[in-house]
>>> print(open('final.pdb').read())   # PDB, C-alpha atoms
ATOM      1  CA  MET J   1      -0.997 -55.398 -19.697
ATOM      2  CA  LEU J   2      -4.547 -56.639 -19.369
ATOM      3  CA  GLY J   3      -3.641 -60.314 -19.465
ATOM      4  CA  ALA J   4      -4.718 -60.848 -23.060
ATOM      5  CA  GLY J   5      -3.450 -60.144 -26.510
ATOM      6  CA  PRO J   6      -0.320 -60.884 -28.474
ATOM      7  CA  THR J   7       2.911 -61.621 -26.638
ATOM      8  CA  ALA J   8       5.045 -60.165 -29.416
ATOM      9  CA  VAL J   9       4.106 -57.003 -31.259
ATOM     10  CA  PRO J  10       6.194 -56.035 -34.303
ATOM     11  CA  ARG J  11       4.847 -52.474 -34.206
ATOM     12  CA  ALA J  12       2.811 -50.837 -31.468
ATOM     13  CA  THR J  13       0.414 -47.959 -32.090
ATOM     14  CA  LEU J  14      -0.146 -45.024 -29.756
ATOM     15  CA  ARG J  15      -3.118 -42.757 -30.342
ATOM     16  CA  ILE J  16      -2.142 -39.216 -29.416
ATOM     17  CA  PRO J  17      -4.770 -36.563 -28.558
ATOM     18  CA  PRO J  18      -5.240 -34.293 -31.592
ATOM     19  CA  ASP J  19      -4.150 -31.172 -29.696
ATOM     20  CA  VAL J  20      -0.672 -32.690 -29.133
ATOM     21  CA  ASP J  21       1.847 -32.377 -31.964
ATOM     22  CA  LEU J  22       3.139 -35.793 -33.049
ATOM     23  CA  GLU J  23       6.759 -34.601 -33.207
ATOM     24  CA  TYR J  24       6.436 -33.279 -29.648
ATOM     25  CA  ALA J  25       4.962 -36.628 -28.548
ATOM     26  CA  ALA J  26       7.840 -38.488 -30.209
ATOM     27  CA  GLN J  27      10.381 -36.291 -28.424
ATOM     28  CA  ALA J  28       8.602 -36.765 -25.088
ATOM     29  CA  LEU J  29       8.798 -40.536 -25.609
ATOM     30  CA  GLY J  30      12.453 -40.353 -26.582
ATOM     31  CA  ALA J  31      11.544 -41.806 -29.981
ATOM     32  CA  GLU J  32      13.384 -41.179 -33.210
ATOM     33  CA  VAL J  33      11.248 -40.262 -36.215
ATOM     34  CA  THR J  34      11.923 -42.578 -39.150
ATOM     35  CA  GLU J  35      10.307 -43.484 -42.446
ATOM     36  CA  ARG J  36      11.248 -47.181 -42.352
ATOM     37  CA  GLY J  37      11.724 -49.905 -39.774
ATOM     38  CA  ALA J  38       9.611 -48.268 -37.099
ATOM     39  CA  ASN J  39       8.423 -50.325 -34.139
ATOM     40  CA  LEU J  40       6.101 -47.614 -32.839
ATOM     41  CA  ALA J  41       3.477 -45.703 -34.788
ATOM     42  CA  LEU J  42       2.018 -42.462 -33.435
ATOM     43  CA  TRP J  43      -1.462 -41.644 -34.700
ATOM     44  CA  SER J  44      -3.234 -38.355 -34.158
ATOM     45  CA  ASP J  45      -6.563 -39.398 -32.632
ATOM     46  CA  THR J  46      -8.616 -36.880 -34.607
ATOM     47  CA  GLY J  47     -11.792 -38.939 -34.145
ATOM     48  CA  LEU J  48     -11.151 -39.257 -30.393
ATOM     49  CA  VAL J  49     -11.790 -42.993 -30.641
ATOM     50  CA  GLY J  50      -8.886 -44.015 -28.422
ATOM     51  CA  THR J  51      -8.375 -41.099 -26.073
ATOM     52  CA  VAL J  52     -11.937 -40.302 -24.962
ATOM     53  CA  GLY J  53     -13.118 -42.887 -22.460
ATOM     54  CA  ARG J  54      -9.583 -44.065 -21.862
ATOM     55  CA  GLN J  55      -8.835 -46.004 -18.707
ATOM     56  CA  ARG J  56      -5.827 -45.992 -16.418
ATOM     57  CA  HIS J  57      -4.093 -49.302 -15.814
ATOM     58  CA  ASP J  58      -1.188 -49.132 -13.383
ATOM     59  CA  ASP J  59       0.666 -46.015 -14.608
ATOM     60  CA  VAL J  60      -0.449 -46.219 -18.231
ATOM     61  CA  TRP J  61      -3.480 -44.793 -20.027
ATOM     62  CA  LEU J  62      -5.168 -47.332 -22.309
ATOM     63  CA  ALA J  63      -7.818 -46.890 -24.970
ATOM     64  CA  PRO J  64     -11.281 -48.235 -24.152
ATOM     65  CA  GLY J  65     -11.449 -52.028 -24.395
ATOM     66  CA  THR J  66     -13.733 -51.954 -27.414
ATOM     67  CA  ARG J  67     -11.228 -49.744 -29.270
ATOM     68  CA  ILE J  68      -8.398 -52.144 -28.459
ATOM     69  CA  TYR J  69     -10.546 -55.017 -29.737
ATOM     70  CA  LEU J  70     -11.338 -53.213 -32.989
ATOM     71  CA  ASP J  71      -7.685 -52.271 -33.504
ATOM     72  CA  LEU J  72      -6.668 -55.898 -32.990
ATOM     73  CA  LEU J  73      -9.172 -56.933 -35.648
ATOM     74  CA  GLY J  74      -7.488 -54.520 -38.046
ATOM     75  CA  ASP J  75      -4.046 -56.030 -37.484
ATOM     76  CA  ARG J  76      -2.671 -58.531 -39.915
ATOM     77  CA  ARG J  77      -3.593 -61.951 -38.520
ATOM     78  CA  GLY J  78      -5.219 -60.206 -35.555
ATOM     79  CA  GLU J  79      -8.500 -62.117 -35.510
ATOM     80  CA  ASP J  80      -7.235 -64.724 -33.017
ATOM     81  CA  ALA J  81      -5.765 -62.047 -30.718
ATOM     82  CA  ALA J  82      -9.006 -60.062 -30.936
ATOM     83  CA  ALA J  83     -11.097 -63.130 -30.088
ATOM     84  CA  HIS J  84      -8.874 -63.883 -27.087
ATOM     85  CA  PHE J  85      -9.031 -60.243 -25.931
ATOM     86  CA  ARG J  86     -12.821 -60.251 -26.291
ATOM     87  CA  GLU J  87     -13.158 -63.384 -24.149
ATOM     88  CA  VAL J  88     -10.601 -62.525 -21.452
ATOM     89  CA  VAL J  89     -10.962 -58.753 -21.076
ATOM     90  CA  LEU J  90     -14.372 -57.810 -22.463
ATOM     91  CA  LYS J  91     -15.954 -61.023 -21.132
ATOM     92  CA  VAL J  92     -18.149 -61.361 -24.218
TER
END
>>> encode(input="final.pdb", output="structure tokens")
Amino acid sequence: MLGAGPTAVPRATLRIPPDVDLEYAAQALGAEVTERGANLALWSDTGLVGTVGRQRHDDVWLAPGTRIYLDLLGDRRGEDAAAHFREVVLKV
């Protein structure tokens, strides 16, 4: 969405504000809750690291750029994607 990052994501993560029930969020997204084979993970953002300071891009709310960068670093083999994101989006 921001012109950087991986082109294929095996599982995306959405940080949900802690006052929103994850099952409610899943229903609102039309997602089916499953224990295996998920391609979307919903995380309760109890530390408010991805929902406070969020930014709107087109019609979608995104976590702050630094949070996206840190999450990319945490992904398996995400160092290259994080470096690209840092250069293209964060301009660092």
>>> resolve_selection(input="final.pdb", expression="the PyMOL selection byres ((chain J and resi 81-91) around 12)", output="list of chain:residue names")
J:Met1, J:Leu2, J:Gly3, J:Ala4, J:Gly5, J:Pro6, J:Thr7, J:Ala8, J:Val9, J:Pro64, J:Gly65, J:Thr66, J:Arg67, J:Ile68, J:Tyr69, J:Leu70, J:Asp71, J:Leu72, J:Leu73, J:Gly74, J:Asp75, J:Arg76, J:Arg77, J:Gly78, J:Glu79, J:Asp80, J:Val92
>>> atom_distance(input="final.pdb", atom1="CA of Asp21 (chain J)", atom2="CA of Asp45 (chain J)")
11.0 Å
>>> resolve_selection(input="final.pdb", expression="the PyMOL selection byres ((chain J and resi 43) around 12)", output="list in words")
Ala12, Thr13, Leu14, Arg15, Ile16, Pro17, Pro18, Asp19, Val20, Asp21, Leu22, Glu23, Ala25, Ala26, Leu40, Ala41, Leu42, Ser44, Asp45, Thr46, Gly47, Leu48, Val49, Gly50 and Thr51 of chain J
>>> atom_distance(input="final.pdb", atom1="CA of His57 (chain J)", atom2="CA of Gly37 (chain J)")
28.7 Å
>>> atom_distance(input="final.pdb", atom1="CA of Arg54 (chain J)", atom2="CA of Leu29 (chain J)")
19.1 Å
>>> decode(input="final.pdb", residues="region 16-30 of chain J", atoms="N, CA, C and O atoms", output="PDB file, in the first residue's frame")
ATOM      1  N   ILE J  16      -5.679  -4.996  16.637  1.00  0.00           N
ATOM      2  CA  ILE J  16      -7.036  -4.546  16.955  1.00  0.00           C
ATOM      3  C   ILE J  16      -6.984  -3.785  18.276  1.00  0.00           C
ATOM      4  O   ILE J  16      -6.361  -4.246  19.238  1.00  0.00           O
ATOM      5  N   PRO J  17      -7.638  -2.605  18.363  1.00  0.00           N
ATOM      6  CA  PRO J  17      -7.645  -1.877  19.635  1.00  0.00           C
ATOM      7  C   PRO J  17      -8.113  -2.791  20.772  1.00  0.00           C
ATOM      8  O   PRO J  17      -9.004  -3.638  20.576  1.00  0.00           O
ATOM      9  N   PRO J  18      -7.521  -2.654  21.956  1.00  0.00           N
ATOM     10  CA  PRO J  18      -7.815  -3.594  23.042  1.00  0.00           C
ATOM     11  C   PRO J  18      -9.260  -3.552  23.539  1.00  0.00           C
ATOM     12  O   PRO J  18      -9.713  -4.510  24.158  1.00  0.00           O
ATOM     13  N   ASP J  19      -9.989  -2.487  23.249  1.00  0.00           N
ATOM     14  CA  ASP J  19     -11.383  -2.422  23.693  1.00  0.00           C
ATOM     15  C   ASP J  19     -12.340  -3.098  22.705  1.00  0.00           C
ATOM     16  O   ASP J  19     -13.547  -3.123  22.925  1.00  0.00           O
ATOM     17  N   VAL J  20     -11.805  -3.676  21.629  1.00  0.00           N
ATOM     18  CA  VAL J  20     -12.621  -4.395  20.644  1.00  0.00           C
ATOM     19  C   VAL J  20     -12.352  -5.893  20.795  1.00  0.00           C
ATOM     20  O   VAL J  20     -11.207  -6.333  20.751  1.00  0.00           O
ATOM     21  N   ASP J  21     -13.398  -6.661  20.984  1.00  0.00           N
ATOM     22  CA  ASP J  21     -13.290  -8.108  21.123  1.00  0.00           C
ATOM     23  C   ASP J  21     -12.796  -8.710  19.806  1.00  0.00           C
ATOM     24  O   ASP J  21     -13.282  -8.352  18.731  1.00  0.00           O
ATOM     25  N   LEU J  22     -11.831  -9.617  19.889  1.00  0.00           N
ATOM     26  CA  LEU J  22     -11.254 -10.205  18.680  1.00  0.00           C
ATOM     27  C   LEU J  22     -12.275 -11.013  17.880  1.00  0.00           C
ATOM     28  O   LEU J  22     -12.253 -11.008  16.648  1.00  0.00           O
ATOM     29  N   GLU J  23     -13.178 -11.710  18.558  1.00  0.00           N
ATOM     30  CA  GLU J  23     -14.212 -12.458  17.831  1.00  0.00           C
ATOM     31  C   GLU J  23     -15.142 -11.503  17.085  1.00  0.00           C
ATOM     32  O   GLU J  23     -15.540 -11.782  15.957  1.00  0.00           O
ATOM     33  N   TYR J  24     -15.474 -10.378  17.701  1.00  0.00           N
ATOM     34  CA  TYR J  24     -16.290  -9.365  17.043  1.00  0.00           C
ATOM     35  C   TYR J  24     -15.558  -8.823  15.816  1.00  0.00           C
ATOM     36  O   TYR J  24     -16.154  -8.664  14.745  1.00  0.00           O
ATOM     37  N   ALA J  25     -14.256  -8.541  15.970  1.00  0.00           N
ATOM     38  CA  ALA J  25     -13.461  -8.036  14.845  1.00  0.00           C
ATOM     39  C   ALA J  25     -13.436  -9.051  13.713  1.00  0.00           C
ATOM     40  O   ALA J  25     -13.575  -8.681  12.539  1.00  0.00           O
ATOM     41  N   ALA J  26     -13.271 -10.320  14.038  1.00  0.00           N
ATOM     42  CA  ALA J  26     -13.258 -11.370  13.018  1.00  0.00           C
ATOM     43  C   ALA J  26     -14.591 -11.407  12.276  1.00  0.00           C
ATOM     44  O   ALA J  26     -14.622 -11.510  11.044  1.00  0.00           O
ATOM     45  N   GLN J  27     -15.692 -11.320  13.008  1.00  0.00           N
ATOM     46  CA  GLN J  27     -17.007 -11.326  12.377  1.00  0.00           C
ATOM     47  C   GLN J  27     -17.185 -10.112  11.476  1.00  0.00           C
ATOM     48  O   GLN J  27     -17.713 -10.218  10.375  1.00  0.00           O
ATOM     49  N   ALA J  28     -16.731  -8.945  11.950  1.00  0.00           N
ATOM     50  CA  ALA J  28     -16.860  -7.718  11.160  1.00  0.00           C
ATOM     51  C   ALA J  28     -16.060  -7.809   9.868  1.00  0.00           C
ATOM     52  O   ALA J  28     -16.444  -7.229   8.843  1.00  0.00           O
ATOM     53  N   LEU J  29     -14.965  -8.554   9.902  1.00  0.00           N
ATOM     54  CA  LEU J  29     -14.128  -8.739   8.706  1.00  0.00           C
ATOM     55  C   LEU J  29     -14.631  -9.869   7.814  1.00  0.00           C
ATOM     56  O   LEU J  29     -14.124 -10.078   6.720  1.00  0.00           O
ATOM     57  N   GLY J  30     -15.603 -10.616   8.306  1.00  0.00           N
ATOM     58  CA  GLY J  30     -16.090 -11.770   7.565  1.00  0.00           C
ATOM     59  C   GLY J  30     -15.095 -12.922   7.598  1.00  0.00           C
ATOM     60  O   GLY J  30     -15.068 -13.764   6.709  1.00  0.00           O
TER      61      GLY J  30
END
